[in-house]
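Heads up, query37.txt below (compact mmCIF, C-alpha atoms):
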```
# COMPACT_ATOMS: atom_id res chain seq x y z
CA LEU A 263 87.21 -23.02 39.78
CA PRO A 264 87.88 -24.48 36.30
CA VAL A 265 88.53 -28.20 35.96
CA THR A 266 91.98 -27.48 34.51
CA VAL A 267 93.00 -25.63 37.67
CA ALA A 268 91.47 -28.31 39.89
CA ASN A 269 93.36 -31.02 38.01
CA ALA A 270 96.61 -29.08 38.40
CA TRP A 271 96.02 -28.87 42.15
CA LEU A 272 95.44 -32.63 42.32
CA ALA A 273 98.48 -33.46 40.22
CA GLU A 274 100.71 -31.33 42.43
CA TRP A 275 99.21 -32.85 45.59
CA ARG A 276 99.72 -36.40 44.32
CA GLY A 277 103.28 -35.58 43.37
CA GLN A 278 103.98 -34.66 46.98
CA LEU A 279 102.83 -38.11 48.24
CA PRO A 280 105.39 -40.91 47.74
CA ASP A 281 102.86 -43.77 48.09
CA PRO A 282 99.91 -43.83 45.64
CA MET A 283 97.88 -45.64 48.31
CA GLN A 284 97.78 -42.36 50.21
CA TRP A 285 95.75 -40.93 47.37
CA VAL A 286 92.91 -43.20 48.49
CA VAL A 287 93.06 -42.82 52.25
CA LYS A 288 93.76 -39.06 52.46
CA LEU A 289 91.47 -36.22 51.49
CA ASP A 290 92.85 -34.34 48.52
CA PRO A 291 92.64 -30.48 48.50
CA LEU A 292 89.38 -30.44 46.56
CA GLU A 293 87.75 -33.04 48.83
CA GLU A 294 88.70 -30.90 51.80
CA LEU A 295 87.05 -27.88 50.24
CA VAL A 296 83.95 -29.73 49.04
CA ALA A 297 83.28 -32.35 51.72
CA ALA A 298 85.01 -31.05 54.82
CA SER A 299 84.61 -27.27 54.75
CA LEU A 300 81.72 -26.91 52.25
CA LEU A 301 83.56 -24.06 50.52
CA LEU A 302 83.09 -25.63 47.10
CA ARG A 303 80.33 -27.53 45.35
CA PRO A 304 80.66 -29.44 42.07
CA ALA A 305 79.21 -27.78 38.99
CA GLU A 306 78.18 -29.85 36.00
CA GLU A 307 77.30 -29.12 32.41
CA GLU A 308 75.41 -31.27 29.97
CA ASP A 309 74.86 -31.72 26.29
CA ALA A 310 72.47 -33.95 24.39
CA THR A 311 74.13 -37.18 25.53
CA GLU A 312 75.85 -36.78 28.89
CA ARG A 313 76.55 -34.73 31.99
CA ARG A 314 80.13 -33.97 32.95
CA LEU A 315 82.01 -32.06 35.59
CA ALA A 316 82.63 -28.48 34.48
CA GLY A 317 84.41 -27.25 37.59
CA PHE A 318 83.72 -26.25 41.17
CA VAL A 319 81.72 -23.29 42.45
CA PHE A 320 82.68 -21.56 45.68
CA THR A 321 79.80 -21.10 48.09
CA HIS A 322 81.12 -17.71 49.27
CA GLN A 323 82.99 -15.41 46.87
CA LYS A 324 85.10 -13.64 49.51
CA LEU A 325 86.21 -16.96 50.98
CA CYS A 326 87.07 -18.11 47.50
CA GLU A 327 89.13 -14.97 46.90
CA GLN A 328 91.15 -15.61 50.04
CA VAL A 329 91.71 -19.28 49.14
CA LEU A 330 92.90 -18.29 45.69
CA LEU A 331 95.08 -15.49 47.06
CA ARG A 332 96.81 -17.98 49.37
CA GLU A 333 97.33 -20.30 46.43
CA LEU A 334 98.82 -17.54 44.28
CA LEU A 335 101.22 -16.52 47.04
CA ARG A 336 102.15 -20.16 47.62
CA GLN A 337 103.14 -20.45 43.97
CA ILE A 338 105.74 -17.66 44.25
CA ARG A 339 107.02 -18.46 47.75
CA PRO A 340 109.37 -17.25 49.28
CA ARG A 341 108.60 -14.04 47.38
CA THR A 342 105.50 -12.17 48.55
CA LEU A 343 104.80 -10.26 45.32
CA PRO A 344 104.66 -11.47 41.70
CA THR A 345 106.78 -10.45 38.75
CA ALA A 346 105.17 -8.59 35.85
CA GLU A 347 105.05 -11.83 33.83
CA GLU A 348 103.35 -13.76 36.64
CA TRP A 349 100.95 -10.90 37.25
CA LEU A 350 99.84 -10.74 33.62
CA ALA A 351 99.52 -14.54 33.42
CA TRP A 352 97.21 -14.56 36.46
CA ALA A 353 95.13 -11.73 35.01
CA ARG A 354 94.74 -13.63 31.74
CA GLN A 355 93.69 -16.73 33.66
CA ALA A 356 91.07 -14.64 35.49
CA ALA A 357 89.83 -13.26 32.17
CA GLY A 358 89.28 -16.77 30.81
CA GLU A 359 90.83 -18.36 27.79
CA GLY A 360 89.05 -19.48 24.66
CA ASP A 361 85.40 -20.14 25.41
CA GLN A 362 85.84 -19.99 29.19
CA THR A 363 84.01 -17.29 31.10
CA GLU A 364 85.65 -14.82 33.45
CA PHE A 365 86.84 -16.32 36.75
CA ARG A 366 85.32 -13.59 38.94
CA GLU A 367 86.68 -14.92 42.22
CA LEU A 368 90.22 -14.93 40.85
CA THR A 369 89.66 -11.37 39.66
CA GLY A 370 88.68 -10.44 43.20
CA ALA A 371 91.82 -12.09 44.58
CA LEU A 372 93.94 -10.14 42.11
CA ALA A 373 92.24 -6.91 43.18
CA VAL A 374 93.35 -7.61 46.76
CA LEU A 375 96.86 -8.30 45.56
CA ALA A 376 96.80 -5.14 43.40
CA VAL A 377 96.39 -3.07 46.56
CA ARG A 378 99.46 -4.77 48.04
CA LEU A 379 101.44 -4.02 44.90
CA ALA A 380 100.39 -0.36 45.04
CA VAL A 381 101.38 -0.07 48.69
CA ALA A 382 104.73 -1.69 47.89
CA GLY A 383 105.35 0.81 45.06
CA GLU A 384 105.34 -1.84 42.32
CA GLY A 385 104.03 0.34 39.52
CA GLU A 386 105.94 -1.48 36.78
CA VAL A 387 104.36 -4.79 37.79
CA LEU A 388 100.89 -3.24 37.87
CA SER A 389 101.41 -1.71 34.41
CA ALA A 390 101.53 -5.21 32.90
CA LEU A 391 97.72 -5.10 33.14
CA LEU A 392 97.74 -2.70 30.19
CA ASP A 393 98.63 -5.68 28.00
CA LEU A 394 95.45 -7.48 29.11
CA ALA A 395 92.69 -7.46 26.50
CA ASN A 396 89.81 -8.17 28.90
CA GLU A 397 88.29 -4.81 29.90
CA SER A 398 86.32 -6.09 32.90
CA VAL A 399 89.26 -7.69 34.69
CA ARG A 400 91.61 -4.83 33.78
CA THR A 401 89.20 -2.18 35.10
CA GLN A 402 88.46 -3.96 38.38
CA VAL A 403 92.05 -4.87 39.24
CA LEU A 404 93.74 -1.67 38.07
CA GLY A 405 90.97 0.36 39.68
CA ALA A 406 91.69 -1.27 43.04
CA ALA A 407 95.35 -0.26 42.77
CA LEU A 408 94.54 3.33 41.79
CA ARG A 409 92.05 3.72 44.63
CA ALA A 410 94.71 2.48 47.04
CA LEU A 411 96.88 5.47 46.07
CA GLY A 412 94.40 7.91 47.62
CA PRO A 413 95.27 7.31 51.29
CA LEU A 414 98.96 7.01 50.37
CA TRP A 415 99.22 10.24 48.37
CA GLY A 416 99.76 12.75 51.14
CA LYS A 417 98.98 16.48 51.18
CA THR A 418 100.95 17.80 48.21
CA ASP A 419 100.36 17.82 44.49
CA GLU A 420 103.54 15.80 43.98
CA GLY A 421 102.43 13.05 46.39
CA GLU A 422 104.52 10.76 48.55
CA PRO A 423 107.35 9.11 46.58
CA GLY A 424 105.90 5.58 46.70
CA ALA A 425 102.41 6.49 45.51
CA ALA A 426 103.68 9.02 42.97
CA GLY A 427 106.11 6.43 41.63
CA VAL A 428 103.30 3.93 41.04
CA LEU A 429 101.26 6.48 39.10
CA ALA A 430 104.32 7.61 37.13
CA ALA A 431 105.11 4.02 36.11
CA LEU A 432 101.53 3.42 34.99
CA LEU A 433 101.46 6.64 32.98
CA GLU A 434 104.80 5.87 31.35
CA ALA A 435 103.50 2.49 30.24
CA ALA A 436 100.18 4.00 29.11
CA ARG A 437 101.93 6.58 26.95
CA SER A 438 104.27 4.06 25.34
CA GLN A 439 101.60 2.70 22.97
CA PRO A 440 98.20 4.06 21.84
CA GLN A 441 96.44 0.80 22.74
CA ARG A 442 97.86 0.86 26.25
CA GLY A 443 96.84 4.49 26.56
CA GLU A 444 93.26 3.73 25.63
CA ARG A 445 93.13 0.85 28.09
CA PHE A 446 94.55 2.94 30.92
CA TYR A 447 92.26 5.91 30.26
CA PHE A 448 89.03 3.95 30.50
CA ALA A 449 90.23 1.59 33.26
CA ALA A 450 91.11 4.62 35.41
CA ASP A 451 87.76 6.38 34.90
CA ARG A 452 85.86 4.86 37.83
CA ALA A 453 88.88 5.09 40.13
CA HIS A 454 89.17 8.79 39.29
CA GLN A 455 85.51 9.33 40.20
CA TRP A 456 85.94 7.40 43.43
CA LEU A 457 89.01 9.41 44.47
CA ARG A 458 87.12 12.67 43.94
CA GLN A 459 84.07 11.52 45.86
CA ALA A 460 86.13 10.01 48.71
CA GLY A 461 87.94 13.29 49.30
CA TYR A 462 91.37 12.31 47.92
CA SER A 463 91.37 15.39 45.71
CA LEU A 464 95.12 15.81 45.32
CA CYS A 465 95.53 12.22 44.17
CA ALA A 466 92.54 12.66 41.86
CA TRP A 467 94.13 15.83 40.49
CA ALA A 468 97.37 14.03 39.66
CA LEU A 469 95.48 11.13 38.08
CA GLY A 470 93.27 13.55 36.14
CA LEU A 471 96.28 15.37 34.69
CA GLY A 472 97.78 12.02 33.76
CA ARG A 473 94.59 10.87 32.06
CA LEU A 474 94.48 14.13 30.09
CA ALA A 475 98.07 13.62 28.89
CA VAL A 476 97.26 10.05 27.85
CA LEU A 477 94.11 11.21 26.10
CA ARG A 478 95.99 13.86 24.14
CA ASP A 479 98.34 11.11 22.92
CA CYS A 480 95.27 9.18 21.73
CA VAL A 481 93.96 12.27 19.93
CA ARG A 482 97.30 12.73 18.14
CA ALA A 483 97.28 9.05 17.14
CA GLU A 484 93.70 9.23 15.78
CA PRO A 485 92.90 12.92 15.15
CA GLU A 486 89.76 12.15 13.16
CA LYS A 487 88.17 10.02 15.88
CA LEU A 488 85.29 12.03 17.37
CA GLU A 489 85.08 9.94 20.53
CA TRP A 490 88.58 11.01 21.59
CA GLN A 491 87.69 14.67 21.09
CA LYS A 492 84.54 14.23 23.17
CA GLU A 493 86.49 12.52 25.92
CA GLN A 494 89.02 15.33 25.88
CA ALA A 495 86.30 17.92 26.45
CA SER A 496 84.83 15.80 29.25
CA CYS A 497 88.25 15.36 30.86
CA LEU A 498 88.89 19.12 30.74
CA THR A 499 85.54 19.82 32.42
CA GLN A 500 86.23 17.21 35.12
CA LEU A 501 89.60 18.80 35.85
CA ALA A 502 87.97 22.22 36.03
CA ASP A 503 85.36 20.95 38.50
CA LEU A 504 88.10 19.39 40.60
CA ALA A 505 90.11 22.63 40.52
CA VAL A 506 87.05 24.41 41.90
CA ASN A 507 86.85 21.91 44.77
CA LEU A 508 90.53 22.52 45.48
CA GLY A 509 89.95 26.27 45.56
CA ARG A 510 91.91 26.82 42.35
CA ARG A 511 89.26 28.82 40.51
CA ASP A 512 91.65 30.61 38.17
CA ILE A 513 92.99 27.26 36.97
CA ALA A 514 89.41 26.03 36.66
CA GLN A 515 88.58 28.95 34.37
CA ASN A 516 91.36 27.91 32.00
CA TYR A 517 90.10 24.33 31.74
CA TYR A 518 86.45 25.38 31.36
CA GLN A 519 87.40 27.73 28.53
CA LYS A 520 89.39 25.03 26.73
CA ALA A 521 86.49 22.57 27.02
CA ILE A 522 83.99 25.13 25.73
CA ILE A 523 86.18 26.12 22.77
CA LEU A 524 86.68 22.47 21.84
CA LEU A 525 82.95 21.66 22.10
CA HIS A 526 81.99 24.68 19.97
CA HIS A 527 84.40 23.43 17.30
CA LEU A 528 83.06 19.87 17.45
CA ILE A 529 79.47 21.11 17.12
CA GLU A 530 80.41 23.07 14.01
CA VAL A 531 81.93 19.94 12.46
CA HIS A 532 79.27 17.50 13.74
CA PRO A 533 76.01 19.49 14.09
CA GLN A 534 73.95 16.30 14.05
CA ARG A 535 75.53 14.98 17.27
CA LEU A 536 73.12 16.29 19.88
CA GLU A 537 75.14 14.93 22.80
CA LEU A 538 77.82 17.50 21.99
CA GLN A 539 75.33 20.30 22.56
CA HIS A 540 74.33 18.70 25.84
CA ASP A 541 77.97 18.52 26.95
CA LEU A 542 78.50 22.14 25.94
CA ALA A 543 75.45 23.25 27.92
CA VAL A 544 76.76 21.52 31.06
CA SER A 545 80.24 23.01 30.66
CA LEU A 546 78.78 26.48 30.11
CA ARG A 547 76.76 26.18 33.31
CA HIS A 548 79.77 25.10 35.35
CA TYR A 549 81.80 27.94 33.84
CA GLY A 550 79.07 30.48 34.57
CA VAL A 551 78.68 29.31 38.18
CA ASN A 552 82.42 29.59 38.70
CA LEU A 553 82.41 33.13 37.27
CA ARG A 554 79.56 34.01 39.60
CA ASP A 555 81.44 32.64 42.60
CA LEU A 556 84.47 34.69 41.57
CA GLY A 557 82.26 37.78 41.77
CA GLN A 558 82.07 38.24 38.00
CA GLU A 559 78.27 38.34 37.86
CA ASN A 560 77.96 40.16 34.56
CA GLN A 561 80.31 37.74 32.79
CA ALA A 562 78.45 34.76 34.23
CA LYS A 563 75.01 35.64 32.86
CA PRO A 564 75.59 35.06 29.09
CA HIS A 565 77.12 31.63 29.72
CA LEU A 566 74.22 30.56 31.92
CA GLU A 567 71.74 31.89 29.37
CA GLU A 568 73.48 30.01 26.54
CA SER A 569 73.35 26.83 28.63
CA ILE A 570 69.61 27.25 29.12
CA PHE A 571 69.07 28.05 25.43
CA LEU A 572 70.84 24.87 24.31
CA LEU A 573 69.01 22.68 26.83
CA ARG A 574 65.61 24.13 25.88
CA LYS A 575 66.36 23.39 22.23
CA LEU A 576 67.38 19.82 23.08
CA ASP A 577 64.27 19.35 25.20
CA VAL A 578 62.10 20.31 22.23
CA MET A 579 63.99 17.97 19.91
CA GLU A 580 64.03 15.06 22.41
CA PRO A 581 61.17 15.60 24.88
CA SER A 582 61.54 12.09 26.36
CA GLN A 583 65.11 12.71 27.56
CA ILE A 584 64.75 13.09 31.34
CA ASN A 585 68.46 13.84 31.69
CA THR A 586 68.10 16.94 29.51
CA GLN A 587 65.23 18.19 31.66
CA ARG A 588 67.28 17.54 34.77
CA GLU A 589 70.22 19.56 33.44
CA LEU A 590 67.88 22.33 32.32
CA ALA A 591 66.40 22.57 35.80
CA VAL A 592 69.87 22.84 37.34
CA SER A 593 70.88 25.55 34.84
CA LEU A 594 67.69 27.50 35.59
CA ILE A 595 68.52 27.35 39.29
CA ALA A 596 72.05 28.60 38.62
CA LEU A 597 70.74 31.60 36.66
CA ALA A 598 68.06 32.27 39.28
CA ASN A 599 70.69 32.34 42.01
CA ARG A 600 72.80 34.72 39.95
CA LEU A 601 69.83 37.08 39.47
CA LYS A 602 68.93 36.81 43.13
CA GLY A 603 72.48 37.85 44.03
CA LEU A 604 72.09 40.94 41.84
CA GLY A 605 68.87 41.87 43.64
CA ASN A 606 66.59 41.01 40.69
CA SER A 607 64.12 39.00 42.79
CA GLU A 608 61.22 39.07 40.35
CA GLU A 609 63.17 37.60 37.42
CA ALA A 610 64.88 35.13 39.77
CA SER A 611 61.49 33.96 41.03
CA ASN A 612 60.39 33.29 37.45
CA TYR A 613 63.37 31.03 36.82
CA PHE A 614 62.90 29.28 40.16
CA HIS A 615 59.29 28.46 39.25
CA GLN A 616 60.35 27.10 35.87
CA SER A 617 62.90 24.88 37.57
CA ILE A 618 60.27 23.68 40.09
CA ASN A 619 58.03 22.48 37.26
CA LEU A 620 60.90 20.61 35.62
CA LEU A 621 62.13 19.11 38.89
CA GLU A 622 58.69 17.81 39.78
CA LYS A 623 58.44 16.25 36.33
CA THR A 624 61.85 14.55 36.51
CA ILE A 625 61.31 13.34 40.09
CA GLU A 626 57.98 11.83 39.09
CA ALA A 627 59.75 9.96 36.28
CA ASP A 628 62.52 8.75 38.63
CA PRO A 629 61.74 9.13 42.37
CA ARG A 630 65.21 7.84 43.32
CA GLN A 631 66.85 11.17 42.43
CA VAL A 632 67.59 12.34 45.98
CA ASP A 633 69.74 15.29 44.85
CA LEU A 634 66.88 16.62 42.73
CA LYS A 635 64.53 16.38 45.69
CA LEU A 636 66.97 18.51 47.65
CA GLN A 637 67.12 21.04 44.82
CA LEU A 638 63.32 21.08 44.71
CA SER A 639 63.04 21.79 48.44
CA ILE A 640 65.49 24.68 48.07
CA CYS A 641 63.46 26.16 45.20
CA LEU A 642 60.20 25.76 47.10
CA ASN A 643 61.69 27.64 50.06
CA TYR A 644 62.70 30.56 47.86
```

Translate this file's structure into structure tokens.
Amino acid sequence: LPVTVANAWLAEWRGQLPDPMQWVVKLDPLEELVAASLLLRPAEEEDATERRLAGFVFTHQKLCEQVLLRELLRQIRPRTLPTAEEWLAWARQAAGEGDQTEFRELTGALAVLAVRLAVAGEGEVLSALLDLANESVRTQVLGAALRALGPLWGKTDEGEPGAAGVLAALLEAARSQPQRGERFYFAADRAHQWLRQAGYSLCAWALGLGRLAVLRDCVRAEPEKLEWQKEQASCLTQLADLAVNLGRRDIAQNYYQKAIILLHHLIEVHPQRLELQHDLAVSLRHYGVNLRDLGQENQAKPHLEESIFLLRKLDVMEPSQINTQRELAVSLIALANRLKGLGNSEEASNYFHQSINLLEKTIEADPRQVDLKLQLSICLNY
């Protein structure tokens, strides 16, 4: 709790007491928090000559968030939700001004309030966060609002009106300026992952399409910027993977193909960027697996083989890259499963054994990889 905020609390409290003598005999709000409830403790800083009060530290972050949330709501009473201007001002205060550090507890309080704004359908208020420069605060608070849309979305692509309206307002603001678009795209990344993993696939699908539209605006604004092109390929692959989970394999094929075409083009222009070849190898594997699951075994094989070829080449060029070896092992398993399905057990066994060697190597380097241990057990049982 910065000293400036504490002093503002005290000034307001003193203004509510008609007799200055009451300042002495009554506990002020900070004394109640520090001495009576032990929720705060003084924090000092020092230089070469003196120590001085820097602010107050809450002993429990979640308690602090609730105290601050009550204070924010008190400031706007009788309203229960802030205006866009108030919302942005609070976010900037949480981000810190000048040489002040981020006020993490206030950020947490704003995340709680962001969920309330999302539930209330206040997308225009939430979109004010896109004018906040601080990435950390913007990502945490906006992410909380986007995650809240998952349970509210419903069972259709269009979503329930309230939740869909919030997302529409955010996307409209994001597409109004390139800087806002960039801020929205990256702030929404973790929320998009969370929605997919939590099973809110339809909400994730809508958010993914929105992110792709915003990203294409960014590409048009800066067509020479490689990072935007890379992100576009990644976004296309993510949408394709999500389409597979939704059972929309034909739509997935379209997105996989677009990602692969784009990555081939980028590799031709930037052959020195090895991460592009890695991304292409992963997209080719996903595309090949989807073809296999559609029953198009013969079409799947060349894509899986190209994925393995690229990853082998990268492994030779960067033998210390465990992630490359991990992806290579997964691609080998995908091709082995395809060959096994065609009845070619001998060749499938060869690829399974190659993947076993790689999996054992990567697990030894990082024993926390539970998914790789599962893949290894499957290969060993083959």

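Using all atoms listed in the file, the nearest neighbour of Gln558 of chain A within the list A:Thr586, A:Gln515, A:Gln534, A:Ser496 is A:Gln515.
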
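As for atom CA of Leu538 of chain A and atom CA of Leu590 of chain A, they are spaced 15.1 Å apart.
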
Which residues, written as a ChimeraX atom specification, have at least one atom at most 12 Å from Arg511 of chain A, with only C-alpha atoms counted and residues fewer than 6 positions away on the same chain left out? /A:501-505,517-518,548-557

Box along x, y and z, 3 Å on every side, all listed atoms of segment 507-514 of chain A inside: centre and edge lengths in Å to one decimal, as lines of an AutoDock Vina configuration file.
```
center_x = 89.9
center_y = 26.3
center_z = 41.1
size_x = 12.1
size_y = 14.7
size_z = 14.9
```

A straight line from atom CA of Pro485 of chain A to atom CA of Pro533 of chain A spans 18.2 Å

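Take atom CA of Ala453 of chain A and atom CA of Arg588 of chain A: the distance between them is 25.5 Å.
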
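Each of A:Glu568, A:Asp419, A:Glu537, A:Asp451 was compared to Leu508 of chain A using all atoms listed in the file, and A:Asp419 turns out to be the nearest.
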
Which residues are close to Ala591 of chain A, i.e. within 8 Å by all atoms listed in the file, leaving aside same-chain residues fewer than 5 positions away? Reply as a ChimeraX atom specification. /A:616-618,620-621

- prompt: Contacts of Arg400 of chain A at 12 Å or less, counting all atoms listed in the file, minus same-chain residues fewer than 2 places along, as a ChimeraX atom specification?
  reply: /A:349-350,352-354,356-357,364,366,369-370,372-373,376,388-398,402-408,442,444-452

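The shell of residues at most 10 Å from Gln500 of chain A, with all atoms listed in the file counted and near chain neighbours (fewer than 5 positions) removed, consists of His454, Gln455, Arg458, Trp467, Gly470, Gln494, Ala495, Ala505, Val506, Ala514, Tyr517, Tyr518, Ala521 and Ser545 of chain A.
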
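By chain and then residue number, the residues within 10 Å of Gln439 of chain A are Leu392, Glu434, Ala435, Ala436, Arg442, Gly443, Glu444, Val476, Asp479, Cys480 and Ala483 of chain A, counting only C-alpha atoms and disregarding those fewer than 3 positions away in sequence.
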
Of A:Gly358, A:Leu429, A:Leu464, A:Lys602, the one nearest to Val399 of chain A when counting only C-alpha atoms is A:Gly358

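If all atoms listed in the file are the atoms counted, then among A:Ala431, A:Ile584, A:Ala562, A:Ala596 the closest residue to Gln631 of chain A is A:Ile584.
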
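Remark: for Val531 of chain A, the closest of the candidate residues A:Gln519, A:Thr345, A:Gln491, A:Ser639 is A:Gln491 (distances computed over all atoms listed in the file).
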
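Distances to Lys635 of chain A were evaluated for A:Arg547, A:Lys623, A:His540, A:Arg341 using only C-alpha atoms, and the minimum falls at A:Lys623.
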